[in-house]
$ cat target29.txt   # compact mmCIF, C-alpha atoms
# COMPACT_ATOMS: atom_id res chain seq x y z
CA MET A 229 -5.99 4.45 5.83
CA GLU A 230 -7.28 7.56 4.09
CA THR A 231 -6.59 7.94 0.38
CA MET A 232 -5.70 11.52 -0.51
CA LYS A 233 -5.99 13.25 -3.86
CA LYS A 234 -6.47 16.69 -5.32
CA GLY A 235 -9.20 18.44 -3.38
CA SER A 236 -8.57 16.56 -0.13
CA LYS A 237 -8.12 18.63 3.04
CA GLY A 238 -7.11 18.09 6.65
CA GLU A 239 -4.33 17.04 8.99
CA ASN A 240 -3.40 13.98 6.95
CA VAL A 241 -2.82 16.17 3.91
CA LYS A 242 -0.62 18.43 6.03
CA LYS A 243 1.43 15.39 7.08
CA LEU A 244 1.69 14.35 3.43
CA GLN A 245 2.90 17.80 2.42
CA ALA A 246 5.46 17.93 5.23
CA ARG A 247 6.81 14.49 4.31
CA LEU A 248 7.10 15.37 0.64
CA LYS A 249 9.05 18.53 1.51
CA GLU A 250 11.28 16.55 3.89
CA LEU A 251 12.13 14.15 1.05
CA GLY A 252 12.99 17.00 -1.32
CA PHE A 253 9.70 17.29 -3.22
CA ASN A 254 8.42 20.74 -2.29
CA PRO A 255 4.60 21.00 -2.37
CA GLY A 256 4.60 24.72 -1.55
CA ILE A 257 2.68 25.98 1.46
CA ILE A 258 1.99 23.27 4.03
CA ASP A 259 -1.62 24.17 4.66
CA GLY A 260 -3.51 20.85 4.64
CA SER A 261 -5.09 21.59 1.28
CA PHE A 262 -4.23 19.17 -1.59
CA GLY A 263 -3.80 21.53 -4.52
CA GLN A 264 -1.71 21.69 -7.67
CA GLY A 265 1.58 22.08 -5.80
CA THR A 266 0.97 18.98 -3.74
CA LEU A 267 -0.16 17.09 -6.83
CA ALA A 268 3.02 17.97 -8.74
CA ALA A 269 5.27 17.11 -5.78
CA LEU A 270 3.52 13.79 -5.18
CA MET A 271 3.76 12.81 -8.85
CA ALA A 272 7.46 13.69 -8.84
CA PHE A 273 7.96 11.45 -5.79
CA GLN A 274 6.03 8.61 -7.43
CA LYS A 275 8.11 8.85 -10.59
CA SER A 276 11.30 8.90 -8.52
CA SER A 277 10.11 5.75 -6.74
CA ASN A 278 9.21 3.96 -9.98
CA MET A 279 5.54 3.99 -9.04
CA LEU A 280 2.49 4.85 -11.11
CA ALA A 281 2.45 8.65 -11.16
CA ASP A 282 -1.30 9.08 -10.71
CA GLY A 283 -1.06 11.84 -8.10
CA ILE A 284 -3.08 9.83 -5.60
CA ALA A 285 -1.72 9.08 -2.13
CA GLY A 286 -3.14 5.61 -1.67
CA PRO A 287 -1.83 2.88 0.64
CA LYS A 288 1.22 1.92 -1.46
CA THR A 289 2.30 5.53 -1.92
CA GLN A 290 1.85 6.32 1.78
CA ILE A 291 3.96 3.30 2.75
CA ALA A 292 6.65 4.37 0.24
CA LEU A 293 6.59 7.86 1.79
CA GLY A 294 7.01 6.40 5.25
CA LEU A 295 3.73 7.85 6.44
CA THR A 296 2.67 4.38 7.58
CA ASP A 297 4.22 0.96 7.77
CA GLU A 298 0.89 -0.83 7.76
CA ALA A 299 0.12 -3.01 4.76
CA GLU A 300 -3.51 -3.18 5.88
CA GLY A 301 -5.90 -2.13 3.15
CA ILE A 302 -3.54 -2.75 0.24
CA ASP A 303 -4.94 -6.17 -0.61
CA LEU A 304 -8.15 -5.37 -2.46
CA LEU A 305 -8.43 -8.79 -4.07
CA ALA A 306 -10.85 -10.03 -1.41
CA LYS A 307 -13.45 -8.00 -3.31
CA PHE A 308 -12.96 -10.26 -6.35
CA THR A 309 -15.58 -12.82 -5.41
CA VAL A 310 -16.83 -15.63 -7.65
CA GLU A 311 -20.22 -13.93 -7.88
CA LYS A 312 -18.73 -10.66 -9.15
CA VAL A 313 -16.14 -12.24 -11.41
CA LYS A 314 -18.88 -14.35 -13.00
CA LEU A 315 -20.38 -11.09 -14.32
CA MET A 316 -17.10 -10.50 -16.17
CA PHE A 317 -17.34 -13.98 -17.74
CA PRO A 318 -20.98 -14.35 -18.82
CA GLN A 319 -20.32 -17.41 -21.02
CA THR A 320 -18.06 -19.27 -18.60
CA PRO A 321 -19.15 -22.21 -16.39
CA VAL A 322 -19.16 -20.93 -12.82
CA LYS A 323 -17.38 -24.09 -11.62
CA ASN A 324 -14.30 -23.10 -13.63
CA ILE A 325 -14.24 -19.70 -11.94
CA THR A 326 -14.80 -21.29 -8.52
CA ASN A 327 -11.95 -23.75 -9.08
CA ASN A 328 -9.37 -21.40 -10.59
CA LEU A 329 -10.03 -17.91 -9.23
CA PRO A 330 -8.22 -18.64 -5.92
CA TYR A 331 -5.06 -19.61 -7.83
CA VAL A 332 -5.19 -16.40 -9.86
CA LEU A 333 -5.68 -14.20 -6.79
CA ASP A 334 -2.90 -15.97 -4.87
CA GLY A 335 -0.59 -15.55 -7.86
CA LEU A 336 -1.28 -11.83 -7.98
CA ARG A 337 -0.66 -11.48 -4.25
CA SER A 338 2.65 -13.34 -4.52
CA PHE A 339 3.93 -10.67 -6.92
CA SER A 340 2.47 -7.67 -5.03
CA LEU A 341 -0.29 -7.03 -7.55
CA ALA A 342 -3.10 -6.94 -4.98
CA ASP A 343 -4.77 -3.77 -6.26
CA LYS A 344 -7.93 -3.32 -8.28
CA PRO A 345 -6.41 -2.20 -11.63
CA MET A 346 -4.03 -5.18 -11.83
CA GLY A 347 -6.71 -7.58 -10.60
CA LEU A 348 -8.99 -6.38 -13.37
CA MET A 349 -6.12 -6.50 -15.86
CA ALA A 350 -5.39 -10.13 -14.99
CA LEU A 351 -9.00 -11.23 -15.28
CA ALA A 352 -9.66 -9.27 -18.47
CA THR A 353 -6.54 -10.88 -19.95
CA ILE A 354 -7.87 -14.32 -19.05
CA ARG A 355 -11.21 -13.43 -20.66
CA ALA A 356 -9.40 -12.46 -23.86
CA GLU A 357 -6.96 -15.39 -23.87
CA THR A 358 -8.99 -18.29 -22.48
CA GLU A 359 -12.61 -17.44 -21.77
CA SER A 360 -13.13 -20.87 -20.21
CA PHE A 361 -11.16 -19.62 -17.17
CA LYS A 362 -8.95 -22.69 -17.40
CA PRO A 363 -5.29 -22.88 -18.49
CA VAL A 364 -5.33 -24.24 -22.03
CA ASP A 365 -3.09 -25.27 -24.92
CA GLU A 366 -2.80 -23.02 -27.94
CA MET A 367 -4.92 -24.27 -30.85
CA LYS A 368 -3.48 -25.04 -34.28
CA SER A 369 -4.05 -22.26 -36.79
CA LYS A 370 -2.76 -20.91 -40.07
CA TRP A 371 -0.43 -18.69 -38.05
CA ASN A 372 1.43 -21.53 -36.37
CA THR A 373 1.00 -24.55 -38.69
CA SER A 374 1.78 -24.64 -42.40
CA PRO A 375 -0.56 -26.36 -44.92
CA GLY A 376 0.10 -30.07 -44.53
CA GLY A 377 2.80 -29.46 -41.98
CA HIS A 378 3.16 -31.04 -38.56
CA PRO A 379 1.53 -29.15 -35.65
CA PHE A 380 3.18 -25.82 -34.85
CA ASP A 381 5.91 -26.26 -37.45
CA LEU A 382 5.93 -22.50 -38.09
CA TYR A 383 7.21 -22.07 -34.55
CA ASP A 384 10.02 -24.64 -34.83
CA ASN A 385 12.68 -22.25 -36.12
CA ARG A 386 11.49 -18.98 -34.57
CA ASN A 387 14.73 -17.46 -33.28
CA ASP A 388 12.76 -14.71 -31.53
CA LEU A 389 11.13 -17.41 -29.39
CA GLY A 390 14.44 -19.15 -28.73
CA ASN A 391 13.25 -22.28 -30.53
CA GLN A 392 15.90 -24.60 -31.93
CA GLY A 393 14.03 -26.57 -34.57
CA LYS A 394 11.64 -29.52 -34.49
CA PRO A 395 9.94 -30.35 -32.13
CA ASP A 396 10.33 -27.04 -30.23
CA GLY A 397 7.29 -25.52 -31.93
CA ASP A 398 4.95 -28.13 -30.50
CA LEU A 399 6.82 -28.55 -27.22
CA PHE A 400 6.76 -24.85 -26.41
CA LYS A 401 3.43 -23.83 -27.94
CA GLY A 402 1.21 -21.43 -26.04
CA ARG A 403 -0.07 -22.68 -22.69
CA GLY A 404 -1.70 -21.39 -19.54
CA PHE A 405 -3.78 -18.31 -18.84
CA ILE A 406 -1.31 -16.06 -20.67
CA GLN A 407 -0.36 -18.42 -23.51
CA LEU A 408 3.33 -18.61 -22.66
CA THR A 409 5.08 -19.42 -25.96
CA GLY A 410 8.62 -20.35 -27.01
CA ARG A 411 11.62 -22.09 -25.42
CA ALA A 412 13.17 -18.78 -24.32
CA ASN A 413 10.05 -17.67 -22.47
CA TYR A 414 9.56 -21.06 -20.83
CA LYS A 415 13.14 -20.92 -19.57
CA LYS A 416 13.00 -17.27 -18.48
CA TYR A 417 9.73 -17.39 -16.59
CA SER A 418 10.37 -20.84 -15.13
CA GLY A 419 13.39 -19.34 -13.40
CA ILE A 420 11.60 -16.19 -12.30
CA ILE A 421 8.84 -18.12 -10.51
CA GLY A 422 11.41 -20.31 -8.77
CA MET A 423 11.08 -23.51 -10.83
CA GLY A 424 14.57 -23.59 -12.30
CA ASP A 425 14.33 -25.34 -15.68
CA GLU A 426 11.30 -27.46 -14.78
CA LEU A 427 9.14 -25.90 -17.50
CA ILE A 428 11.77 -26.79 -20.08
CA ALA A 429 11.80 -30.39 -18.89
CA ASP A 430 8.01 -30.60 -18.67
CA PRO A 431 6.28 -27.77 -20.59
CA ASP A 432 2.82 -29.14 -19.75
CA LEU A 433 3.33 -27.85 -16.21
CA ALA A 434 2.46 -24.41 -17.59
CA ASN A 435 -1.16 -25.59 -17.59
CA ASP A 436 -1.18 -26.41 -13.88
CA PRO A 437 -3.56 -23.74 -12.47
CA ALA A 438 -1.24 -22.62 -9.66
CA ILE A 439 1.74 -22.36 -12.02
CA ALA A 440 -0.31 -20.75 -14.79
CA ALA A 441 -1.48 -18.11 -12.32
CA LYS A 442 2.10 -17.31 -11.28
CA LEU A 443 3.18 -17.07 -14.92
CA LEU A 444 0.34 -14.65 -15.65
CA SER A 445 1.19 -12.59 -12.58
CA VAL A 446 4.93 -12.34 -13.18
CA PHE A 447 4.32 -11.37 -16.81
CA LEU A 448 1.99 -8.57 -15.67
CA LYS A 449 4.44 -7.51 -12.94
CA ASP A 450 7.16 -7.05 -15.54
CA LYS A 451 4.99 -4.44 -17.28
CA GLU A 452 3.05 -3.14 -14.27
CA ILE A 453 3.80 0.57 -14.56
CA LYS A 454 3.19 0.76 -18.30
CA ILE A 455 -0.03 -1.22 -17.93
CA LYS A 456 -1.27 1.08 -15.17
CA GLU A 457 -0.39 4.16 -17.20
CA ALA A 458 -2.42 2.82 -20.13
CA LEU A 459 -5.36 1.92 -17.87
CA LEU A 460 -5.24 5.36 -16.24
CA GLU A 461 -5.78 6.87 -19.70
CA GLU A 462 -8.40 4.19 -20.50
CA ASP A 463 -6.21 3.18 -23.43
CA PHE A 464 -7.32 -0.44 -23.34
CA LYS A 465 -5.80 -1.22 -26.70
CA ALA A 466 -2.36 -0.21 -25.44
CA ALA A 467 -2.83 -2.20 -22.21
CA ARG A 468 -3.84 -5.27 -24.21
CA LYS A 469 -0.90 -4.87 -26.59
CA LEU A 470 1.53 -4.86 -23.68
CA VAL A 471 0.44 -8.43 -22.92
CA ASN A 472 -0.58 -9.87 -26.27
CA GLY A 473 1.54 -7.83 -28.65
CA GLY A 474 -1.59 -7.03 -30.65
CA SER A 475 -5.31 -6.60 -30.24
CA HIS A 476 -6.51 -10.21 -30.24
CA GLY A 477 -9.57 -10.51 -27.99
CA LEU A 478 -9.73 -6.74 -27.41
CA GLU A 479 -13.53 -6.54 -27.30
CA LYS A 480 -13.75 -9.27 -24.65
CA PHE A 481 -10.89 -7.65 -22.74
CA ILE A 482 -12.62 -4.26 -22.66
CA ASP A 483 -16.00 -5.74 -21.75
CA ALA A 484 -14.51 -7.73 -18.86
CA TYR A 485 -12.49 -4.80 -17.54
CA LYS A 486 -15.34 -2.30 -17.66
CA THR A 487 -17.82 -4.75 -16.15
CA GLY A 488 -15.43 -5.60 -13.33
CA ASN A 489 -14.69 -1.94 -12.68
CA LYS A 490 -18.38 -1.33 -12.10
CA VAL A 491 -19.24 -4.33 -9.95
CA ILE A 492 -16.06 -4.72 -7.89
CA THR A 493 -16.21 -1.83 -5.42

$ encode --input "target29.txt" --output "structure tokens"
Amino acid sequence: METMKKGSKGENVKKLQARLKELGFNPGIIDGSFGQGTLAALMAFQKSSNMLADGIAGPKTQIALGLTDEAEGIDLLAKFTVEKVKLMFPQTPVKNITNNLPYVLDGLRSFSLADKPMGLMALATIRAETESFKPVDEMKSKWNTSPGGHPFDLYDNRNDLGNQGKPDGDLFKGRGFIQLTGRANYKKYSGIIGMGDELIADPDLANDPAIAAKLLSVFLKDKEIKIKEALLEEDFKAARKLVNGGSHGLEKFIDAYKTGNKVIT
């Protein structure tokens, strides 16, 4: 499946132009030359379809256009091998990557995030959140535990997290690859990944690798377009903020993303 972008030429470009015009996005002259008119029409179609408007007719865009019904070639996660991912995690035991990478890749596939940018985003997020490449509990800190207070007491009454007082702070502390935090988020994302209220009944399940991978993936899926827009502009700080709400671990995030972008081809 040929990827087409500005500068591409040939019969496939002509088919692309004809299809865009048929759908009401006029590219101008249908001449088989991918110029500015085709770029503008394609981006308009992508925006209309709630896709990343990058002006590139890759597999997902061609399927959305109806130029092909083949999903072949969309799953690029097979390129994310342990050997290559290890280069993104230079301080991490390779056994942790070997054990948990399959769960992460399967989680991404289950939410249709099987492209390189979102694969890199997921792994760079893990590098920033839990460099061990294992789902982990949030650590006590001055931001979540008061001086002399019980663990995570500063979370107990956080209305924005949906917590309802002691012991919600400790029960629904950050867990997993993404550090899912707060009663409301445990309830919301438990339902989205098809677990009903199981994470409310047993919050420690958020550290099960398969479940943690799904939680990471569904969280990224919820912000997919905005994340891809930020990555397209190489605005890594904005991409990180969409997940973390701040810039915690930004240097590790950037290093992992850029390293992966080079080695995973």

$ axis_aligned_box --input "target29.txt" --around "stretch 351-360 of chain A" --padding-each-side "8 Å" --output "AutoDock Vina command-line options"
--center_x -9.8 --center_y -15.1 --center_z -19.6 --size_x 22.6 --size_y 27.6 --size_z 24.6

$ atom_distance --input "target29.txt" --atom1 "atom CA of A:Arg468" --atom2 "atom CA of A:Thr493"
22.8 Å

$ residues_around --input "target29.txt" --residues "stretch 312-328 of chain A" --least-positions-apart "3" --cutoff "6 Å" --atoms "all atoms listed in the file" --output "count of residues only"
7

$ residues_around --input "target29.txt" --residues "A:Ala434" --least-positions-apart "5" --cutoff "9 Å" --atoms "only C-alpha atoms" --output "VMD selection string"
chain A and resid 363 to 364 403 to 405 407 to 408 414 427 439 to 440 443

$ residues_around --input "target29.txt" --residues "A:Leu470" --least-positions-apart "4" --cutoff "9 Å" --atoms "all atoms listed in the file" --output "PDB file with C-alpha atoms, in the coordinates of the input"
ATOM      1  CA  LEU A 448       1.990  -8.570 -15.670  1.00  0.00           C
ATOM      2  CA  LYS A 451       4.990  -4.440 -17.280  1.00  0.00           C
ATOM      3  CA  LYS A 454       3.190   0.760 -18.300  1.00  0.00           C
ATOM      4  CA  ILE A 455      -0.030  -1.220 -17.930  1.00  0.00           C
ATOM      5  CA  LYS A 465      -5.800  -1.220 -26.700  1.00  0.00           C
ATOM      6  CA  ALA A 466      -2.360  -0.210 -25.440  1.00  0.00           C
ATOM      7  CA  GLY A 474      -1.590  -7.030 -30.650  1.00  0.00           C
TER       8      GLY A 474
END

$ atom_distance --input "target29.txt" --atom1 "atom CA of A:Asn254" --atom2 "atom CA of A:Ala269"
5.9 Å

$ residues_around --input "target29.txt" --residues "stretch 233-250 of chain A" --least-positions-apart "3" --cutoff "9 Å" --atoms "only C-alpha atoms" --output "CSV table (one decimal) with C-alpha atoms, keeping the file's coordinate frame"
chain,number,residue,atom,x,y,z
A,230,GLU,CA,-7.3,7.6,4.1
A,253,PHE,CA,9.7,17.3,-3.2
A,254,ASN,CA,8.4,20.7,-2.3
A,255,PRO,CA,4.6,21.0,-2.4
A,256,GLY,CA,4.6,24.7,-1.6
A,257,ILE,CA,2.7,26.0,1.5
A,258,ILE,CA,2.0,23.3,4.0
A,259,ASP,CA,-1.6,24.2,4.7
A,260,GLY,CA,-3.5,20.8,4.6
A,261,SER,CA,-5.1,21.6,1.3
A,262,PHE,CA,-4.2,19.2,-1.6
A,263,GLY,CA,-3.8,21.5,-4.5
A,264,GLN,CA,-1.7,21.7,-7.7
A,266,THR,CA,1.0,19.0,-3.7
A,267,LEU,CA,-0.2,17.1,-6.8
A,269,ALA,CA,5.3,17.1,-5.8
A,270,LEU,CA,3.5,13.8,-5.2
A,273,PHE,CA,8.0,11.4,-5.8
A,283,GLY,CA,-1.1,11.8,-8.1
A,284,ILE,CA,-3.1,9.8,-5.6
A,285,ALA,CA,-1.7,9.1,-2.1
A,286,GLY,CA,-3.1,5.6,-1.7
A,290,GLN,CA,1.8,6.3,1.8
A,293,LEU,CA,6.6,7.9,1.8
A,294,GLY,CA,7.0,6.4,5.2
A,295,LEU,CA,3.7,7.8,6.4

$ atom_distance --input "target29.txt" --atom1 "atom CA of A:Phe464" --atom2 "atom CA of A:Asn489"
13.0 Å

$ residues_around --input "target29.txt" --residues "stretch 379-390 of chain A" --least-positions-apart "6" --cutoff "8 Å" --atoms "all atoms listed in the file" --output "list in words"
Lys368, Trp371, Asn372, Thr373, Asp396, Gly397, Asp398, Lys401, Thr409, Gly410, Arg411, Ala412 and Asn413 of chain A

$ closest_residue --input "target29.txt" --among "A:Pro437, A:Lys442, A:Arg337, A:Thr353" --to "A:Met423" --atoms "all atoms listed in the file"
A:Lys442
